[in-house]
Amino acid sequence: MTIGQLSARSGVASSALRYYERIGLLRADRTGGNQRRYARSELRRVAFIRISQQVGITLDEIREALDSLPAARTPTPEDWTRLSTLWRDRLDEKITLLTRLRDNLDGCIGCGCLSLRRCTLSNPGDEVAGEGPGARLAVPR
């Protein structure tokens with residue numbers, strides 16, 4: 001497929017596909033005129049990249065996972081299953097975090113109560129500073 005065809009089929013901009021190729025997420029052959037030609041199997045890789053990004057997996061992690069797939073053949077469903085199970089624990093942690101954020105923030109955003117006695121995200125005296133940088137009360141301990 002040409003880059004335009006891959007873009008149309010995947011719904012991903014050509015510029016993003018070129019970027020994915022440049023950082024090693026996609027592979028393309030070149031014609032004599034130096035035009036990119038993608039195997040149909042690259043559609044599955046693009047879908048995997050986009051879904052992985054939507055759940056917060058970094059491009060470096062995606063590249064590492066894709067590098068574990070066989071290069072000499074189109075990945076099988078078993079290859080994709082093996083790859084996805086590597087992230088199961090990480091995704092479960094993200095689900096837990098998102099659920100906790102939803103449950104703790106839905107009453108805070110825009111509530112206007114300003115009650116630090118009731119707020120689950122309050123940190124009087126910066127008590128949690130010793131645990132490290134960043135948001136400590138909003139992440140699982």
# chains A, B, ... in the order shown; residues from 1 in each chain; ligands from 1
>>> residues_around(residues="range 5-18 of chain A", least_positions_apart="3", cutoff="7 Å", atoms="only C-alpha atoms", output="PyMOL selection string")
chain A and resi 1-2+21-22+43+46
>>> residues_around(residues="range 61-68 of chain A", least_positions_apart="4", cutoff="8 Å", atoms="only C-alpha atoms", output="list in words")
Gly24, Leu25, Arg45, Ile49, Ser52, Ile57 and Leu83 of chain A
>>> write_last_selection(atoms="C-alpha atoms", output="short mmCIF file (atom, residue, chain, number, x, y, z; two decimals), in the first residue's frame")
data_model
loop_
_atom_site.label_atom_id
_atom_site.label_comp_id
_atom_site.auth_asym_id
_atom_site.auth_seq_id
_atom_site.Cartn_x
_atom_site.Cartn_y
_atom_site.Cartn_z
CA GLY A 24 10.89 2.34 14.16
CA LEU A 25 7.24 1.52 14.79
CA ARG A 45 0.51 -2.40 13.70
CA ILE A 49 -0.08 1.79 18.11
CA SER A 52 -1.91 1.60 22.93
CA ILE A 57 1.34 3.43 26.70
CA LEU A 83 2.16 -9.20 23.41
#
>>> select_by_dssp(residues="range 63-92 of chain A", states="helix (DSSP H, G or I)", output="PyMOL selection string")
chain A and resi 63-67+77-85+88-92
>>> atom_distance(atom1="CA of Glu42 in chain A", atom2="CA of Pro75 in chain A")
10.1 Å
>>> closest_residue(among="A:Asn34, A:Tyr19, A:Glu131, A:Leu26", to="Ala47 in chain A", atoms="only C-alpha atoms")
A:Leu26
>>> atom_distance(atom1="CA of Thr96 in chain A", atom2="CA of Val55 in chain A")
12.9 Å
>>> closest_residue(among="A:Ser84, A:Gly130, A:Asn104, A:Arg90", to="Phe48 in chain A", atoms="only C-alpha atoms")
A:Ser84
>>> decode(residues="range 83-101 of chain A", atoms="N, CA and C atoms", output="mmCIF file, in the first residue's frame")
data_model
loop_
_atom_site.group_PDB
_atom_site.id
_atom_site.type_symbol
_atom_site.label_atom_id
_atom_site.label_comp_id
_atom_site.auth_asym_id
_atom_site.auth_seq_id
_atom_site.Cartn_x
_atom_site.Cartn_y
_atom_site.Cartn_z
ATOM 1 N N LEU A 83 1.735 -10.579 23.218
ATOM 2 C CA LEU A 83 2.156 -9.196 23.410
ATOM 3 C C LEU A 83 1.205 -8.461 24.343
ATOM 4 N N SER A 84 -0.086 -8.619 24.156
ATOM 5 C CA SER A 84 -1.050 -7.877 24.979
ATOM 6 C C SER A 84 -1.056 -8.349 26.426
ATOM 7 N N THR A 85 -0.750 -9.605 26.676
ATOM 8 C CA THR A 85 -0.733 -10.078 28.057
ATOM 9 C C THR A 85 0.432 -9.487 28.841
ATOM 10 N N LEU A 86 1.465 -9.023 28.154
ATOM 11 C CA LEU A 86 2.579 -8.368 28.835
ATOM 12 C C LEU A 86 2.128 -7.079 29.521
ATOM 13 N N TRP A 87 1.085 -6.466 29.014
ATOM 14 C CA TRP A 87 0.614 -5.193 29.547
ATOM 15 C C TRP A 87 -0.592 -5.340 30.472
ATOM 16 N N ARG A 88 -1.064 -6.550 30.685
ATOM 17 C CA ARG A 88 -2.294 -6.746 31.471
ATOM 18 C C ARG A 88 -2.192 -6.107 32.854
ATOM 19 N N ASP A 89 -1.112 -6.358 33.595
ATOM 20 C CA ASP A 89 -0.964 -5.785 34.939
ATOM 21 C C ASP A 89 -0.911 -4.261 34.878
ATOM 22 N N ARG A 90 -0.178 -3.758 33.911
ATOM 23 C CA ARG A 90 -0.076 -2.294 33.763
ATOM 24 C C ARG A 90 -1.435 -1.676 33.476
ATOM 25 N N LEU A 91 -2.215 -2.310 32.616
ATOM 26 C CA LEU A 91 -3.538 -1.787 32.299
ATOM 27 C C LEU A 91 -4.468 -1.887 33.502
ATOM 28 N N ASP A 92 -4.361 -2.976 34.281
ATOM 29 C CA ASP A 92 -5.168 -3.097 35.498
ATOM 30 C C ASP A 92 -4.829 -1.979 36.479
ATOM 31 N N GLU A 93 -3.547 -1.624 36.594
ATOM 32 C CA GLU A 93 -3.144 -0.510 37.466
ATOM 33 C C GLU A 93 -3.738 0.801 36.975
ATOM 34 N N LYS A 94 -3.736 1.001 35.650
ATOM 35 C CA LYS A 94 -4.321 2.222 35.088
ATOM 36 C C LYS A 94 -5.827 2.283 35.363
ATOM 37 N N ILE A 95 -6.501 1.155 35.249
ATOM 38 C CA ILE A 95 -7.940 1.113 35.526
ATOM 39 C C ILE A 95 -8.193 1.473 36.986
ATOM 40 N N THR A 96 -7.388 0.927 37.885
ATOM 41 C CA THR A 96 -7.524 1.239 39.311
ATOM 42 C C THR A 96 -7.306 2.726 39.553
ATOM 43 N N LEU A 97 -6.263 3.278 38.942
ATOM 44 C CA LEU A 97 -5.976 4.698 39.099
ATOM 45 C C LEU A 97 -7.112 5.560 38.571
ATOM 46 N N LEU A 98 -7.594 5.239 37.379
ATOM 47 C CA LEU A 98 -8.672 6.035 36.796
ATOM 48 C C LEU A 98 -9.946 5.944 37.626
ATOM 49 N N THR A 99 -10.240 4.763 38.153
ATOM 50 C CA THR A 99 -11.417 4.605 39.007
ATOM 51 C C THR A 99 -11.269 5.437 40.272
ATOM 52 N N ARG A 100 -10.083 5.403 40.874
ATOM 53 C CA ARG A 100 -9.832 6.190 42.085
ATOM 54 C C ARG A 100 -9.936 7.686 41.791
ATOM 55 N N LEU A 101 -9.366 8.114 40.683
ATOM 56 C CA LEU A 101 -9.464 9.525 40.317
ATOM 57 C C LEU A 101 -10.916 9.935 40.089
#
